[in-house]
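Participant: What follows is upload_39.cif, mmCIF, C-alpha atoms and all ligand atoms.
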data_my_file
loop_
_atom_site.label_atom_id
_atom_site.label_comp_id
_atom_site.auth_asym_id
_atom_site.auth_seq_id
_atom_site.Cartn_x
_atom_site.Cartn_y
_atom_site.Cartn_z
CA MET A 1 28.33 -11.83 21.56
CA THR A 2 31.73 -10.96 22.94
CA ILE A 3 34.46 -8.48 22.26
CA SER A 4 37.44 -10.13 20.62
CA SER A 5 40.66 -9.35 22.45
CA SER A 6 42.60 -9.74 19.20
CA THR A 7 41.51 -6.30 18.01
CA GLY A 8 43.45 -4.66 20.83
CA TYR A 9 41.01 -1.73 21.24
CA PRO A 10 41.10 0.71 22.89
CA ARG A 11 44.68 1.70 22.28
CA SER A 12 44.94 5.06 23.97
CA SER A 13 46.97 5.11 27.21
CA SER A 14 44.28 7.37 28.73
CA ALA A 15 41.66 4.74 27.91
CA ALA A 16 40.52 4.33 31.52
CA LEU A 17 39.77 8.06 31.81
CA ASP A 18 38.24 8.14 28.41
CA GLU A 19 35.80 5.21 28.40
CA PRO A 20 33.72 5.27 25.23
CA VAL A 21 29.97 5.61 25.65
CA LEU A 22 29.28 3.47 22.61
CA SER A 23 31.75 0.84 21.49
CA ILE A 24 31.28 -1.09 18.26
CA ARG A 25 33.50 -4.12 17.60
CA GLU A 26 33.81 -6.26 14.48
CA LEU A 27 30.23 -5.51 13.52
CA THR A 28 29.18 -7.60 10.55
CA VAL A 29 25.84 -7.41 8.77
CA ASP A 30 24.65 -9.74 5.99
CA LEU A 31 22.13 -9.17 3.22
CA ASP A 32 20.02 -12.18 2.20
CA GLY A 33 17.87 -12.67 -0.87
CA ALA A 34 18.55 -12.28 -4.59
CA ASP A 35 21.37 -9.74 -4.18
CA LYS A 36 22.89 -11.78 -1.35
CA GLN A 37 25.90 -10.05 0.16
CA PRO A 38 27.63 -11.55 3.17
CA GLY A 39 29.48 -8.71 4.89
CA LEU A 40 27.23 -5.94 3.58
CA VAL A 41 28.88 -4.26 6.56
CA GLU A 42 31.97 -6.19 7.65
CA ASP A 43 34.32 -6.05 10.62
CA VAL A 44 33.49 -2.46 11.57
CA SER A 45 34.93 -1.24 14.90
CA PHE A 46 34.91 2.25 16.40
CA ASP A 47 34.14 4.12 19.63
CA VAL A 48 32.01 7.17 20.32
CA HIS A 49 32.91 9.32 23.35
CA ALA A 50 30.99 11.71 25.59
CA ASN A 51 31.24 15.33 24.44
CA ARG A 52 32.72 14.23 21.13
CA THR A 53 31.40 13.63 17.64
CA LEU A 54 32.41 10.76 15.43
CA ALA A 55 31.53 11.29 11.78
CA LEU A 56 30.83 8.23 9.67
CA ILE A 57 31.54 9.24 6.09
CA GLY A 58 31.71 7.74 2.60
CA GLU A 59 29.78 7.96 -0.65
CA SER A 60 26.20 6.87 -0.94
CA GLY A 61 25.83 3.08 -0.69
CA CYS A 62 28.91 2.55 1.51
CA GLY A 63 26.94 1.10 4.44
CA LYS A 64 26.75 4.10 6.78
CA THR A 65 23.02 3.86 7.36
CA MET A 66 23.14 0.05 7.74
CA THR A 67 25.83 0.48 10.41
CA ALA A 68 23.66 3.00 12.28
CA MET A 69 20.56 0.83 11.91
CA ALA A 70 22.44 -2.24 13.18
CA VAL A 71 23.38 -0.28 16.31
CA LEU A 72 19.75 0.77 16.79
CA GLY A 73 18.31 -2.67 15.99
CA LEU A 74 16.34 -1.20 13.08
CA LEU A 75 17.73 -3.15 10.11
CA PRO A 76 15.33 -3.87 7.22
CA PRO A 77 13.91 -7.42 6.98
CA ALA A 78 16.43 -9.00 4.56
CA ILE A 79 19.40 -7.67 6.53
CA HIS A 80 20.67 -9.03 9.82
CA VAL A 81 23.67 -8.79 12.14
CA SER A 82 25.88 -11.89 11.86
CA GLY A 83 28.69 -10.95 14.22
CA GLY A 84 30.34 -8.44 16.52
CA SER A 85 29.20 -6.43 19.51
CA VAL A 86 27.72 -3.02 20.32
CA ARG A 87 28.51 -2.10 23.94
CA PHE A 88 26.39 0.59 25.56
CA ASP A 89 25.66 1.12 29.24
CA GLY A 90 27.31 -2.12 30.34
CA GLN A 91 25.43 -4.34 27.90
CA ASP A 92 25.71 -5.65 24.35
CA LEU A 93 22.78 -4.15 22.44
CA LEU A 94 22.93 -7.08 20.02
CA ASP A 95 21.93 -9.41 22.88
CA LEU A 96 18.85 -7.42 23.90
CA ARG A 97 15.27 -8.48 23.26
CA PRO A 98 13.16 -6.17 21.05
CA ARG A 99 11.33 -4.74 24.07
CA GLU A 100 14.59 -3.97 25.90
CA LEU A 101 16.02 -2.39 22.79
CA ARG A 102 12.97 -0.14 22.44
CA GLN A 103 13.75 1.19 25.92
CA VAL A 104 17.28 2.07 24.81
CA ARG A 105 16.11 3.69 21.57
CA GLY A 106 14.73 7.09 22.40
CA GLY A 107 16.00 6.62 25.96
CA GLY A 108 19.77 6.29 26.39
CA ILE A 109 20.28 6.61 22.65
CA GLY A 110 18.49 9.35 20.74
CA MET A 111 18.18 9.37 16.97
CA ILE A 112 17.62 11.86 14.19
CA PHE A 113 17.04 10.98 10.55
CA GLN A 114 17.27 12.86 7.28
CA ASP A 115 13.54 13.24 6.77
CA PRO A 116 11.76 14.57 9.86
CA MET A 117 8.39 13.47 8.50
CA SER A 118 9.53 9.84 8.62
CA SER A 119 9.72 10.14 12.40
CA LEU A 120 6.98 12.64 13.18
CA ASN A 121 3.36 11.59 13.32
CA PRO A 122 1.45 13.85 10.90
CA THR A 123 -1.81 13.49 12.84
CA MET A 124 -0.46 14.54 16.24
CA LYS A 125 0.43 17.97 17.58
CA VAL A 126 4.19 18.28 18.04
CA GLY A 127 3.94 18.98 21.77
CA GLU A 128 1.95 15.79 22.28
CA GLN A 129 4.54 13.80 20.34
CA ILE A 130 7.30 15.02 22.63
CA ILE A 131 5.17 14.30 25.70
CA GLU A 132 4.59 10.77 24.40
CA ALA A 133 8.30 10.25 23.64
CA ARG A 134 9.21 11.37 27.14
CA ARG A 135 6.56 9.37 28.97
CA LEU A 136 7.68 6.15 27.25
CA HIS A 137 10.96 6.42 29.12
CA VAL A 138 10.52 8.77 32.08
CA ASP A 139 8.05 8.22 34.89
CA GLU A 140 6.37 11.61 35.30
CA SER A 141 2.93 13.20 35.21
CA LYS A 142 1.38 14.41 31.98
CA SER A 143 1.58 18.03 33.14
CA ALA A 144 5.27 17.71 34.04
CA ALA A 145 5.92 16.15 30.62
CA ALA A 146 3.93 18.94 28.93
CA LYS A 147 6.03 21.57 30.69
CA ARG A 148 9.21 19.76 29.68
CA ALA A 149 7.99 19.53 26.06
CA VAL A 150 7.70 23.31 25.84
CA GLU A 151 11.15 23.72 27.43
CA LEU A 152 12.58 21.29 24.87
CA LEU A 153 10.98 23.16 21.95
CA ASP A 154 12.45 26.34 23.35
CA GLN A 155 15.83 24.68 23.82
CA VAL A 156 15.99 23.69 20.14
CA GLY A 157 15.29 27.27 19.09
CA ILE A 158 11.60 27.17 18.21
CA PRO A 159 10.14 30.64 18.76
CA ASN A 160 6.90 30.90 20.81
CA ALA A 161 7.45 27.35 21.98
CA ALA A 162 4.30 27.21 24.12
CA ARG A 163 2.13 28.16 21.15
CA ARG A 164 4.04 26.01 18.60
CA ALA A 165 3.57 22.94 20.81
CA ASP A 166 -0.05 23.07 19.64
CA ALA A 167 0.87 22.97 15.94
CA TYR A 168 0.84 19.95 13.65
CA PRO A 169 4.08 19.05 11.80
CA PHE A 170 2.64 20.10 8.41
CA GLU A 171 2.13 23.62 9.77
CA MET A 172 5.92 23.96 10.17
CA SER A 173 8.82 24.46 7.74
CA GLY A 174 11.32 21.64 7.10
CA GLY A 175 13.90 23.32 9.35
CA MET A 176 11.36 23.67 12.19
CA GLN A 177 10.26 20.04 11.76
CA GLN A 178 13.91 18.99 12.04
CA ARG A 179 14.16 21.01 15.28
CA VAL A 180 11.08 19.19 16.61
CA MET A 181 12.71 15.85 15.79
CA ILE A 182 15.87 16.98 17.61
CA ALA A 183 13.73 17.99 20.61
CA MET A 184 12.21 14.49 20.58
CA SER A 185 15.61 12.86 20.25
CA ILE A 186 16.95 14.64 23.36
CA ALA A 187 13.68 14.40 25.32
CA CYS A 188 15.03 11.66 27.60
CA ASP A 189 18.57 13.02 28.11
CA PRO A 190 20.35 10.49 25.89
CA LYS A 191 24.02 9.70 26.35
CA VAL A 192 24.40 9.11 22.62
CA LEU A 193 22.75 10.81 19.68
CA ILE A 194 22.82 9.01 16.34
CA ALA A 195 22.13 11.45 13.52
CA ASP A 196 21.87 10.03 9.98
CA GLU A 197 22.28 12.81 7.40
CA PRO A 198 20.34 15.20 9.65
CA THR A 199 20.78 18.20 7.39
CA THR A 200 20.88 16.68 3.90
CA ALA A 201 17.25 17.51 3.09
CA LEU A 202 17.58 21.14 4.25
CA ASP A 203 18.85 24.19 2.42
CA VAL A 204 22.35 25.40 3.18
CA THR A 205 21.58 28.18 5.69
CA ILE A 206 19.18 25.96 7.64
CA GLN A 207 21.81 23.16 7.56
CA ALA A 208 24.30 25.45 9.29
CA GLU A 209 21.71 26.45 11.92
CA ILE A 210 20.85 22.82 12.69
CA LEU A 211 24.53 21.89 13.02
CA ASP A 212 25.07 24.86 15.35
CA LEU A 213 22.13 23.68 17.38
CA LEU A 214 23.58 20.16 17.66
CA ALA A 215 26.97 21.56 18.68
CA ASN A 216 25.33 23.74 21.38
CA LEU A 217 23.24 20.85 22.69
CA GLN A 218 26.35 18.68 22.84
CA ARG A 219 28.17 21.36 24.81
CA ASP A 220 25.23 21.72 27.24
CA LEU A 221 24.30 18.04 27.58
CA GLY A 222 27.67 16.32 27.02
CA MET A 223 26.23 13.80 24.58
CA ALA A 224 28.33 11.58 22.38
CA ILE A 225 27.26 12.12 18.77
CA MET A 226 27.59 9.65 15.90
CA LEU A 227 26.99 11.73 12.80
CA VAL A 228 26.39 9.94 9.51
CA THR A 229 27.11 12.19 6.54
CA HIS A 230 28.42 12.15 2.98
CA ASP A 231 29.33 15.84 3.36
CA LEU A 232 33.01 16.47 4.15
CA GLY A 233 32.25 20.13 4.85
CA VAL A 234 30.00 19.09 7.73
CA VAL A 235 32.72 16.76 9.00
CA ALA A 236 35.38 19.48 8.88
CA ASP A 237 33.21 21.87 10.90
CA PHE A 238 31.80 19.49 13.40
CA ALA A 239 33.57 16.19 14.03
CA ASP A 240 36.33 15.14 16.41
CA GLU A 241 36.90 11.68 14.95
CA VAL A 242 36.27 10.38 11.46
CA ALA A 243 35.42 6.85 10.36
CA VAL A 244 35.56 6.42 6.59
CA MET A 245 33.49 3.61 5.07
CA TYR A 246 33.78 2.09 1.63
CA ALA A 247 31.54 -0.73 0.37
CA GLY A 248 30.75 -1.94 3.88
CA HIS A 249 34.33 -1.81 5.16
CA LEU A 250 35.78 0.71 7.57
CA VAL A 251 38.81 1.84 5.56
CA GLU A 252 40.18 4.58 7.82
CA LEU A 253 39.61 5.80 11.37
CA GLY A 254 41.28 8.56 13.33
CA PRO A 255 41.14 12.05 14.84
CA ILE A 256 39.87 14.55 12.31
CA ARG A 257 43.10 16.56 11.95
CA GLU A 258 45.12 13.39 11.45
CA VAL A 259 42.77 11.99 8.83
CA PHE A 260 42.32 15.27 6.96
CA HIS A 261 45.98 16.27 6.93
CA ASN A 262 47.54 12.87 6.71
CA PRO A 263 45.11 10.42 5.12
CA GLN A 264 46.33 6.82 5.20
CA HIS A 265 43.94 5.27 2.71
CA PRO A 266 43.69 6.02 -1.02
CA TYR A 267 39.88 6.27 -0.78
CA THR A 268 40.07 8.95 1.92
CA GLN A 269 42.72 10.73 -0.08
CA GLY A 270 40.46 10.66 -3.13
CA LEU A 271 37.58 12.13 -1.16
CA LEU A 272 39.79 14.87 0.28
CA ASP A 273 41.37 15.71 -3.06
CA ALA A 274 37.85 16.38 -4.31
CA MET A 275 37.48 19.14 -1.69
CA PRO A 276 38.30 22.62 -2.95
CA GLN A 277 41.24 24.01 -0.92
CA GLY A 278 40.22 26.57 1.64
CA ALA A 279 36.59 26.61 0.60
CA VAL A 280 33.87 24.92 2.55
CA PRO A 281 32.68 22.17 0.24
CA ARG A 282 29.03 21.27 0.24
CA SER A 283 28.86 19.05 -2.80
CA GLN A 284 28.29 15.32 -3.12
CA LEU A 285 31.38 13.15 -2.94
CA SER A 286 31.37 12.13 -6.56
CA ILE A 287 34.83 13.01 -7.81
CA VAL A 288 36.60 9.71 -7.04
CA ARG A 289 36.47 7.95 -10.43
CA GLY A 290 34.00 5.09 -10.76
CA ARG A 291 31.21 3.99 -8.47
CA VAL A 292 30.67 2.15 -5.24
CA PRO A 293 29.92 -1.48 -6.19
CA LEU A 294 26.35 -2.62 -5.60
CA ALA A 295 25.51 -5.01 -2.80
CA GLY A 296 26.07 -8.56 -4.06
CA GLN A 297 29.02 -7.40 -6.18
CA PHE A 298 31.63 -6.38 -3.61
CA PRO A 299 35.12 -7.49 -4.78
CA ARG A 300 37.26 -9.86 -2.72
CA GLY A 301 40.02 -8.47 -0.51
CA CYS A 302 40.23 -4.70 -0.62
CA ARG A 303 36.85 -3.60 -1.88
CA PHE A 304 38.28 -0.29 -3.13
CA ARG A 305 40.90 -1.97 -5.34
CA THR A 306 38.67 -1.82 -8.45
CA ARG A 307 38.78 2.00 -8.26
CA CYS A 308 42.16 2.47 -6.61
CA PRO A 309 44.93 4.09 -8.68
CA HIS A 310 47.54 2.24 -6.59
CA ALA A 311 46.02 -1.27 -6.61
CA ARG A 312 48.37 -4.27 -7.00
CA GLU A 313 47.62 -7.93 -7.46
CA HIS A 314 47.90 -8.81 -3.77
CA CYS A 315 45.19 -6.29 -2.83
CA GLU A 316 42.88 -9.24 -3.56
CA ARG A 317 44.16 -10.87 -0.37
CA ASP A 318 41.27 -11.93 1.80
CA ASP A 319 42.85 -11.52 5.23
CA MET A 320 43.15 -7.74 5.25
CA ALA A 321 42.11 -5.91 8.41
CA THR A 322 42.07 -2.36 9.70
CA VAL A 323 45.27 -1.80 11.71
CA ASP A 324 47.03 1.11 13.43
CA VAL A 325 49.36 2.78 10.97
CA ARG A 326 50.01 5.72 13.32
CA VAL A 327 49.00 6.44 16.91
CA ASP A 328 45.18 6.28 17.12
CA HIS A 329 44.97 6.20 13.34
CA ARG A 330 43.85 3.05 11.54
CA SER A 331 43.84 2.11 7.87
CA ARG A 332 42.68 -0.91 5.92
CA CYS A 333 45.11 -0.37 3.04
CA LEU A 334 47.58 -3.24 2.64
CA LEU A 335 50.04 -1.07 0.70
CA VAL A 336 50.09 1.54 3.47
CA GLN A 337 50.42 -1.17 6.13
CA THR A 338 53.39 -2.80 4.42
CA GLY A 339 55.07 0.50 3.53
CA GLU A 340 54.80 -0.25 -0.22
CA MET A 341 53.09 3.08 -0.65
CA THR A 342 53.37 6.36 1.24
CA LEU A 343 50.56 8.86 1.01
CA THR A 344 51.80 12.42 1.31
CA PRO A 345 50.31 14.84 3.84
CA ARG A 346 47.95 17.46 2.49
CA HIS A 347 48.15 21.16 3.27
CA PRO A 348 46.40 21.99 6.50
CA GLY A 349 43.26 24.08 6.20
CA GLY A 350 39.54 23.82 6.30
CA VAL A 351 39.33 21.72 9.46
CA ASN A 352 37.36 23.10 12.39
CA GLY A 353 37.84 26.63 11.19
CA GLU A 354 41.68 26.49 10.92
N1 LIG A 401 16.41 -2.36 2.47
C1 LIG A 401 17.49 -2.78 1.80
N2 LIG A 401 17.48 -3.96 1.16
C2 LIG A 401 18.56 -4.39 0.49
N3 LIG A 401 19.70 -3.71 0.37
C3 LIG A 401 19.78 -2.52 0.97
C4 LIG A 401 18.68 -1.98 1.71
N4 LIG A 401 19.06 -0.79 2.18
C5 LIG A 401 20.31 -0.58 1.77
N5 LIG A 401 20.75 -1.62 1.04
C6 LIG A 401 22.08 -1.77 0.43
O1 LIG A 401 23.04 -1.76 1.46
C7 LIG A 401 24.22 -1.06 1.05
C8 LIG A 401 24.53 0.00 2.06
O2 LIG A 401 23.49 0.95 2.06
P1 LIG A 401 23.41 2.16 3.08
O3 LIG A 401 23.85 1.72 4.43
O4 LIG A 401 22.04 2.73 2.96
O5 LIG A 401 24.49 3.18 2.49
P2 LIG A 401 24.79 4.70 2.89
O6 LIG A 401 23.98 5.06 4.08
O7 LIG A 401 26.27 4.73 3.13
O8 LIG A 401 24.43 5.49 1.68
C9 LIG A 401 23.94 -0.53 -0.36
O9 LIG A 401 24.52 -1.43 -1.27
C10 LIG A 401 22.43 -0.57 -0.44
O10 LIG A 401 22.01 -0.78 -1.76
MG MG A 402 22.49 6.53 4.30
#
Starting from the file, give its structure as structure tokens.
Ligand SMILES: Nc1ncnc2c1ncn2[C@@H]1O[C@H](COP(=O)(O)OP(=O)(O)O)[C@@H](O)[C@H]1O
Ligand SMILES: [Mg+2]
Facilitator:
Amino acid sequence: MTISSSTGYPRSSSAALDEPVLSIRELTVDLDGADKQPGLVEDVSFDVHANRTLALIGESGCGKTMTAMAVLGLLPPAIHVSGGSVRFDGQDLLDLRPRELRQVRGGGIGMIFQDPMSSLNPTMKVGEQIIEARRLHVDESKSAAAKRAVELLDQVGIPNAARRADAYPFEMSGGMQQRVMIAMSIACDPKVLIADEPTTALDVTIQAEILDLLANLQRDLGMAIMLVTHDLGVVADFADEVAVMYAGHLVELGPIREVFHNPQHPYTQGLLDAMPQGAVPRSQLSIVRGRVPLAGQFPRGCRFRTRCPHAREHCERDDMATVDVRVDHRSRCLLVQTGEMTLTPRHPGGVNGE
């Protein structure tokens, strides 16, 4: 699959200096079966850069996980990629064979999921699991891998790492299990880390510790992070770029300050208006009226129009795309694109500790 030149990405004049590590273009994913939904994820394009975090946000059911799974080649059986490209390390991941893709997963691209127990083997000591993860991708002796496993457990803040390497996952708390999964995800020095709701299952203080850990690891290792979250508080603290998804469409994309202070899509504005000013919100994004349509029932044209307070008849137009409405800031709203509607900037505050 090829990159379409019509999209015009990347736009930045410093593009050559700032090559993305992971570059997703026009990614489209279809759902087959009874609830058939062509374009379950449709025409999604964004870049993830070294040392930077892109947050993929939106309410539950908006297609964030399916986007991440498409990148990793881990889509469920009824769901498949029908178009687009995922460039990483000079290749299109969508062209790779399963065996080649397994080398990339856990190698150049690390991954962390919401539930550590879905990735950890309950019958294996955690040290052994890290040794195994490392030896799949790195050619080294078992003793060298064992030494590295203890270093990794130490690096992710597990006290008495040498002793804890001998523990089974069930002997650890949820926060410690999540640290073990992070140690596994970075075991092979990935260039990209894909983290899907990595803190959602944890209590608030542990959430903050895990996010601090990820930020420190990023600073030390220079990884690009793609962080999937429904939590705008996490985004405000942690992300550099934000990609907002609604019902399988990317509706807005831009630097975090731009998107938070000057949203250019009514859905983003709705999400932000639900954030208490000045406070760090930790609640579900449930304040935009109505619900995300179910797969199989996405409306034509703008998929948000059935909930949008500004919707007009022509929002049903089928040819809508995400375009630059400001420098480095894209929106899929037709009314914003045509100047029929102007969204007013919000008060600054709450972003990256401002
Ligand atoms: N295994 C599956 N089979 C069929 N549909 C699915 C499956 N997983 C998710 N979906 C549907 O795909 C859409 C996107 O889901 P998902 O990517 O999990 O959303 P998010 O991560 O943003 O909450 C939803 O409509 C969801 O119901
Ligand atoms: Mg999800």
Participant: Between atom CA of Met184 of chain A and atom CA of Ile130 of chain A, what distance in Å does the model show, to one decimal?
Facilitator: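 Calculated distance between atom CA of Met184 of chain A and atom CA of Ile130 of chain A is 5.3 Å.
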Participant: Excluding Gly290 of chain A and any residue of its chain fewer than 4 positions from it, enumerate the residues within 12 Å of it, using only C-alpha atoms, and give them as JSON, numbers by chain.
Facilitator: {"A": [59, 267, 270, 285, 286, 304, 305, 306, 307, 308, 309]}
Participant: Go ahead and compute the interatomic distance for atom CA of Ser85 of chain A and atom CA of Val44 of chain A, in Å to one decimal.
Facilitator: 9.9 Å
Participant: Which residues form the shell of 10 Å around ligand MG 402 (chain A) when you count all atoms listed in the file, given as a list in words?
Facilitator: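 Sorted by chain and then by number, the residues are Ile57, Gly58, Glu59, Ser60, Gly61, Cys62, Gly63, Lys64, Thr65, Met66, Thr67, Ala68, Met69, Phe113, Gln114, Asp196, Glu197, Val228, Thr229 and His230 of chain A.
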Participant: Just to confirm, what's the straight-line distance from atom CA of Asp328 of chain A to atom CA of Pro345 of chain A in Å (one decimal)?
Facilitator: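 Computing it gives 16.6 Å between the two atoms.
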Participant: Step by step: start from the point (44.9, -2.7, 11.1) in the file's coordinates, keep every protein, DNA or RNA residue that has an atom no farther than 9 Å from it, count only C-alpha atoms, and write the set as a list in words.
Facilitator: Thr7, Met320, Ala321, Thr322, Val323, Asp324, Val325, Arg330, Ser331, Arg332, Cys333, Leu334 and Gln337 of chain A
Participant: Would you mind exporting the chosen residues as a PDB file, keeping the file's coordinate frame, restricted to C-alpha atoms?
Facilitator:
ATOM      1  CA  THR A   7      41.510  -6.300  18.010  1.00  0.00           C
ATOM      2  CA  MET A 320      43.150  -7.740   5.250  1.00  0.00           C
ATOM      3  CA  ALA A 321      42.110  -5.910   8.410  1.00  0.00           C
ATOM      4  CA  THR A 322      42.070  -2.360   9.700  1.00  0.00           C
ATOM      5  CA  VAL A 323      45.270  -1.800  11.710  1.00  0.00           C
ATOM      6  CA  ASP A 324      47.030   1.110  13.430  1.00  0.00           C
ATOM      7  CA  VAL A 325      49.360   2.780  10.970  1.00  0.00           C
ATOM      8  CA  ARG A 330      43.850   3.050  11.540  1.00  0.00           C
ATOM      9  CA  SER A 331      43.840   2.110   7.870  1.00  0.00           C
ATOM     10  CA  ARG A 332      42.680  -0.910   5.920  1.00  0.00           C
ATOM     11  CA  CYS A 333      45.110  -0.370   3.040  1.00  0.00           C
ATOM     12  CA  LEU A 334      47.580  -3.240   2.640  1.00  0.00           C
ATOM     13  CA  GLN A 337      50.420  -1.170   6.130  1.00  0.00           C
TER      14      GLN A 337
END
Participant: Determine the nearest neighbour of ligand LIG 401 (chain A) from the options A:Asn262, A:Gln129, A:Thr200, A:Ser143, counting all atoms listed in the file.
Facilitator: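 The closest residue to ligand LIG 401 (chain A) is A:Thr200.
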Participant: So which residues touch Arg219 of chain A within 12 Å, counting all atoms listed in the file, skipping near sequence neighbours fewer than 4 positions away, as a PyMOL selection string?
Facilitator: chain A and resi 50-53+212-215+223-225
Participant: Between A:Gly108, A:Gly33, A:Gly84, A:Gly222, which has the minimum distance to ligand LIG 401 (chain A) (counting only C-alpha atoms and all ligand atoms)?
Facilitator: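 Closest candidate: A:Gly33.
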Participant: Go through A:Asp139, A:Asp115, A:Asp32, A:Glu258 and flag the residue nearest ligand LIG 401 (chain A), using only C-alpha atoms and all ligand atoms for the distances.
Facilitator: A:Asp32
Participant: Name all residues at most 6 Å from Met226 of chain A (count all atoms listed in the file; drop same-chain ones fewer than 6 positions away) and give them as a PyMOL selection string.
Facilitator: chain A and resi 53-55+194
Participant: Name the closest residue to Val126 of chain A among the candidates A:Ala161, A:Cys302, A:Ala236, A:Leu27; distances are taken between atoms, counting all atoms listed in the file.
Facilitator: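 Result for the nearest residue to Val126 of chain A: A:Ala161.
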Participant: Counting only C-alpha atoms, which residue out of A:Leu40, A:Val150, A:Met124, A:Leu136 sits closest to Phe298 of chain A?
Facilitator: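 Ranked by minimum distance to Phe298 of chain A, first place goes to A:Leu40.
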Participant: From the set A:Gly83, A:Pro77, A:Gly339, A:Pro198, which residue has the shortest atom-to-atom contact distance to Asp43 of chain A, counting all atoms listed in the file?
Facilitator: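 Using all atoms listed in the file, Asp43 of chain A sits closest to A:Gly83.
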Participant: Which residues come within 10 Å of Thr199 of chain A, counting all atoms listed in the file, excluding same-chain residues fewer than 6 positions away, as a PyMOL selection string?
Facilitator: chain A and resi 112-115+175+178+206-211+229+231+234
Participant: With 7 Å as the threshold, what does the neighbourhood of (23.9, 13.2, 28.2) contain in terms of residues, counting all atoms listed in the file? Coordinates are those of the file; answer as a PDB file with C-alpha atoms, in the frame of the given file.
Facilitator:
ATOM      1  CA  ASP A 189      18.570  13.020  28.110  1.00  0.00           C
ATOM      2  CA  PRO A 190      20.350  10.490  25.890  1.00  0.00           C
ATOM      3  CA  LYS A 191      24.020   9.700  26.350  1.00  0.00           C
ATOM      4  CA  VAL A 192      24.400   9.110  22.620  1.00  0.00           C
ATOM      5  CA  LEU A 221      24.300  18.040  27.580  1.00  0.00           C
ATOM      6  CA  GLY A 222      27.670  16.320  27.020  1.00  0.00           C
ATOM      7  CA  MET A 223      26.230  13.800  24.580  1.00  0.00           C
TER       8      MET A 223
END
Participant: For segment 310-321 of chain A, supply N, CA, C and O atoms and report the output as a PDB file, in the coordinates of the input.
Facilitator:
ATOM      1  N   HIS A 310      46.306   2.888  -7.048  1.00  0.00           N
ATOM      2  CA  HIS A 310      47.540   2.240  -6.590  1.00  0.00           C
ATOM      3  C   HIS A 310      47.435   0.717  -6.519  1.00  0.00           C
ATOM      4  O   HIS A 310      48.374   0.056  -6.095  1.00  0.00           O
ATOM      5  N   ALA A 311      46.280   0.157  -6.880  1.00  0.00           N
ATOM      6  CA  ALA A 311      46.020  -1.270  -6.610  1.00  0.00           C
ATOM      7  C   ALA A 311      47.079  -2.180  -7.229  1.00  0.00           C
ATOM      8  O   ALA A 311      47.559  -1.938  -8.340  1.00  0.00           O
ATOM      9  N   ARG A 312      47.475  -3.213  -6.490  1.00  0.00           N
ATOM     10  CA  ARG A 312      48.370  -4.270  -7.000  1.00  0.00           C
ATOM     11  C   ARG A 312      47.642  -5.599  -6.877  1.00  0.00           C
ATOM     12  O   ARG A 312      46.607  -5.683  -6.226  1.00  0.00           O
ATOM     13  N   GLU A 313      48.277  -6.609  -7.435  1.00  0.00           N
ATOM     14  CA  GLU A 313      47.620  -7.930  -7.460  1.00  0.00           C
ATOM     15  C   GLU A 313      47.244  -8.415  -6.059  1.00  0.00           C
ATOM     16  O   GLU A 313      46.154  -8.915  -5.832  1.00  0.00           O
ATOM     17  N   HIS A 314      48.164  -8.235  -5.085  1.00  0.00           N
ATOM     18  CA  HIS A 314      47.900  -8.810  -3.770  1.00  0.00           C
ATOM     19  C   HIS A 314      46.848  -8.040  -2.967  1.00  0.00           C
ATOM     20  O   HIS A 314      46.521  -8.414  -1.859  1.00  0.00           O
ATOM     21  N   CYS A 315      46.293  -6.972  -3.510  1.00  0.00           N
ATOM     22  CA  CYS A 315      45.190  -6.290  -2.830  1.00  0.00           C
ATOM     23  C   CYS A 315      43.936  -7.168  -2.817  1.00  0.00           C
ATOM     24  O   CYS A 315      42.952  -6.859  -2.146  1.00  0.00           O
ATOM     25  N   GLU A 316      43.976  -8.269  -3.588  1.00  0.00           N
ATOM     26  CA  GLU A 316      42.880  -9.240  -3.560  1.00  0.00           C
ATOM     27  C   GLU A 316      42.921 -10.127  -2.327  1.00  0.00           C
ATOM     28  O   GLU A 316      42.005 -10.913  -2.109  1.00  0.00           O
ATOM     29  N   ARG A 317      44.033 -10.022  -1.571  1.00  0.00           N
ATOM     30  CA  ARG A 317      44.160 -10.870  -0.370  1.00  0.00           C
ATOM     31  C   ARG A 317      42.949 -10.753   0.528  1.00  0.00           C
ATOM     32  O   ARG A 317      42.439  -9.666   0.757  1.00  0.00           O
ATOM     33  N   ASP A 318      42.527 -11.871   1.051  1.00  0.00           N
ATOM     34  CA  ASP A 318      41.270 -11.930   1.800  1.00  0.00           C
ATOM     35  C   ASP A 318      41.416 -11.587   3.281  1.00  0.00           C
ATOM     36  O   ASP A 318      40.433 -11.336   3.950  1.00  0.00           O
ATOM     37  N   ASP A 319      42.657 -11.601   3.785  1.00  0.00           N
ATOM     38  CA  ASP A 319      42.850 -11.520   5.230  1.00  0.00           C
ATOM     39  C   ASP A 319      43.129 -10.096   5.718  1.00  0.00           C
ATOM     40  O   ASP A 319      43.609  -9.880   6.808  1.00  0.00           O
ATOM     41  N   MET A 320      42.832  -9.124   4.897  1.00  0.00           N
ATOM     42  CA  MET A 320      43.150  -7.740   5.250  1.00  0.00           C
ATOM     43  C   MET A 320      42.274  -7.254   6.409  1.00  0.00           C
ATOM     44  O   MET A 320      41.107  -7.585   6.491  1.00  0.00           O
ATOM     45  N   ALA A 321      42.878  -6.467   7.291  1.00  0.00           N
ATOM     46  CA  ALA A 321      42.110  -5.910   8.410  1.00  0.00           C
ATOM     47  C   ALA A 321      42.512  -4.449   8.592  1.00  0.00           C
ATOM     48  O   ALA A 321      43.497  -3.989   8.014  1.00  0.00           O
TER      49      ALA A 321
END
